[in-house]
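Enquirer: Submitted below is the structure of interest, expressed as structure tokens.
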Amino acid sequence: MEQPSVMLRLLSSVVSVAGRAGGEVRRVTKSGMLGVVDKGVQDYQTEADRVAQRMIVASLNKKFPKCTIVGEEDLAEDKEADTNLLVDTQDEDVLNKTSLPSQYKDVKEEDITIWVDPLDGTAEFVSGGLLEHVTILVGISVGQKSVAGVIHQPFHGYKIGVDPASLPGRTMWGVVGLGCFGVEPKSLPNDKLVVTTTASHGNVDIEETLAGLKPDNVLKVGGAGHKVLLVIEGKAHSYVFPSNGCKRWDTSAPEALLESAGGKLTTIFGDHIEYSYRANGDYKNYLGIVASANAEIHSRILANIPEAVKERLRAAQPLQ
């Protein structure tokens with residue numbers, strides 16, 4: 001029997017470890033020992049972030065040592081903790097997907113960069129009331145393009161009064177050219193425009209953009225992963241964020257999952273985001289984010305972003 005490709009083995013490992021990391025996030029929630037560290041305005045790190053990243057990075061490093069892994073959290077080395085958190089399982093449903101597009105079948109470990117956001121929506125996690133917004137994001141890029149992604153919702157189906165530790169979580173994954181799994185893509189009618197944007201990082205560029213787009217409804221929620229899921233599941237036409245607040249680990253997995261479902265994610269100028277390792281550690285998406293359910297809506301959104309907003313974002317980029 002033919003050995004599964006590196007991409008297929010990697011993806012099956014990511015799906016497995018993301019689900020296990022979700023269990024660790026729920027465990028931390030149940031313990032009540034969040035261990036919150038304030039990194040800046042509405043930017044937190046918790047024990048859930050730390051344990052989830054250690055589990056994901058240590059497990060993938062052990063099985064795929066030649067891959068480059070970029071994680072959001074800057075954690076001190078702790079080999080004992082890493083060893084205790086190792087996950088060696090693979091998801092059989094992923095391994096059984098024998099129709100992986102041909103362009104991925106010969107990809108080598110050293111061609112791959114893995115992007116890890118161990119807890120997207122940490123502010124919502126800390127608040128405790130918006131746990132549905134929390135996701136674990138693991139993206140896979142090849143040749144500077146995000147081509148596969150896994151999103152795990154540890155608290156899928158959460159409602160006030162439900163014990164969050166009792167929830168099973170939901171894992172979704174997709175490969176560009178193959179399709180998405182674990183979530184059913186849906187579409188909104190085009191007679192009205194519904195957009196989603198940040199609930200906690202508003203600024204003048206966002207407000208001017210919303211005024212220019214004239215949406216019928218605006219969903220202001222937390223978490224980049226959660227907002228892209230709203231687009232995939234037909235609750236919003238587009239996620240619009242004309243700001244530099246998102247980083248590559250926020251967008252890699254959502255971009256791949258959205259594109260595998262027929263959508264599109266670019267900068268506000270319509271350019272693809274380049275996913276490559278940077279020695280200086282600067283992974284900001286300086287030119288903002290637009291993520292839409294399809295190409296037609298995407299073009300409509302891009303065309304109506306005010307020029308003044310575009311100029312300010314372009315001018316704010318650091319010199320290369």
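Residue numbers start at 1 in each chain; chains themselves are named A, B, ... in the order of the structure tokens; ligands are numbered from 1 in the order shown.
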Any idea what's packed within 8 Å of Ala256 (chain A), counting only C-alpha atoms, ignoring anything in its chain fewer than 3 positions away? Could you give it as an MDAnalysis selection string?

Expert: chainID A and resid 139 146:149 174:176 252:253 259:260

Enquirer: Would you put the residues from that selection into a file with C-alpha atoms, as a PDB file, in the first residue's frame?

Expert:
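The result, stored in part_28.pdb:
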```pdb
ATOM      1  CA  GLY A 139      -2.595  26.809   9.082  1.00  0.00           C
ATOM      2  CA  SER A 146      -1.798  29.107   2.779  1.00  0.00           C
ATOM      3  CA  VAL A 147      -3.076  25.825   1.319  1.00  0.00           C
ATOM      4  CA  ALA A 148      -4.590  23.914   4.245  1.00  0.00           C
ATOM      5  CA  GLY A 149      -6.082  24.825   7.576  1.00  0.00           C
ATOM      6  CA  GLY A 174      -9.891  22.119   4.524  1.00  0.00           C
ATOM      7  CA  VAL A 175      -7.415  21.875   1.656  1.00  0.00           C
ATOM      8  CA  VAL A 176      -7.517  24.305  -1.247  1.00  0.00           C
ATOM      9  CA  SER A 252      -3.526  31.259   7.636  1.00  0.00           C
ATOM     10  CA  ALA A 253      -5.970  28.547   8.738  1.00  0.00           C
ATOM     11  CA  GLU A 259     -10.889  29.206   0.028  1.00  0.00           C
ATOM     12  CA  SER A 260     -11.515  25.456   0.205  1.00  0.00           C
TER      13      SER A 260
END
```

Enquirer: Report as CSV: every residue of region 87-140 of chain A with an atom at most 7 Å from region 7-24 of chain A, its closest pair of atoms, and their distance in Å to one decimal, counting only C-alpha atoms, with rows sorted by chain and ascending residue number.

Expert:
```
residue,atom,partner,partner_atom,distance
A:Val87,CA,A:Val17,CA,6.1
A:Thr89,CA,A:Ser16,CA,6.3
A:Gln90,CA,A:Ser13,CA,4.5
A:Asp91,CA,A:Ser12,CA,4.8
A:Val94,CA,A:Ser12,CA,5.2
A:Leu95,CA,A:Ser12,CA,6.0
A:Tyr104,CA,A:Met7,CA,6.6
A:Lys105,CA,A:Met7,CA,7.0
A:Val107,CA,A:Met7,CA,6.8
A:Ile136,CA,A:Ala18,CA,6.9
```

Enquirer: Could you write out, as a PyMOL selection string, all the residues of region 213-256 of chain A that DSSP marks as strand (DSSP E or B)?

Expert: chain A and resi 217-221+233+238-241+247

Enquirer: Show me a table, sorted first by chain and then by increasing residue number, of the residues of region 151-261 of chain A having an atom at most 9 Å from region 30-38 of chain A, each with its shortest atom pair and the distance in Å to one decimal, counting only C-alpha atoms and written as a tab-separated table.

Expert:
```
residue	atom	partner	partner_atom	distance
A:Asp163	CA	A:Lys30	CA	8.6
A:Pro164	CA	A:Lys30	CA	7.7
A:Ala165	CA	A:Lys30	CA	5.8
```

Enquirer: How many Å separate CA of Ile273 (chain A) from CA of Trp115 (chain A)?

Expert: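 Here the two named atoms are 13.2 Å from each other.
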
Enquirer: Between A:Val150, A:Phe64, A:Ile56, A:Arg248, which has the minimum distance to Asp111 (chain A) (counting only C-alpha atoms)?

Expert: A:Phe64

Enquirer: One number please: CA of Val290 (chain A) to CA of Leu60 (chain A), in Å, one decimal.

Expert: 29.8 Å

Enquirer: Please provide as a ChimeraX atom specification all residues within 9 Å of Asn190 (chain A), with the sequence filter that same-chain residues fewer than 3 positions apart are discarded (counting only C-alpha atoms).

Expert: /A:187,193,237,297

Enquirer: Write out as a PyMOL selection string the residues lying within 8 Å of region 201-218 of chain A, counting only C-alpha atoms and excluding same-chain residues fewer than 3 positions away.

Expert: chain A and resi 42+192-198+241-243+245+301+304-306+309
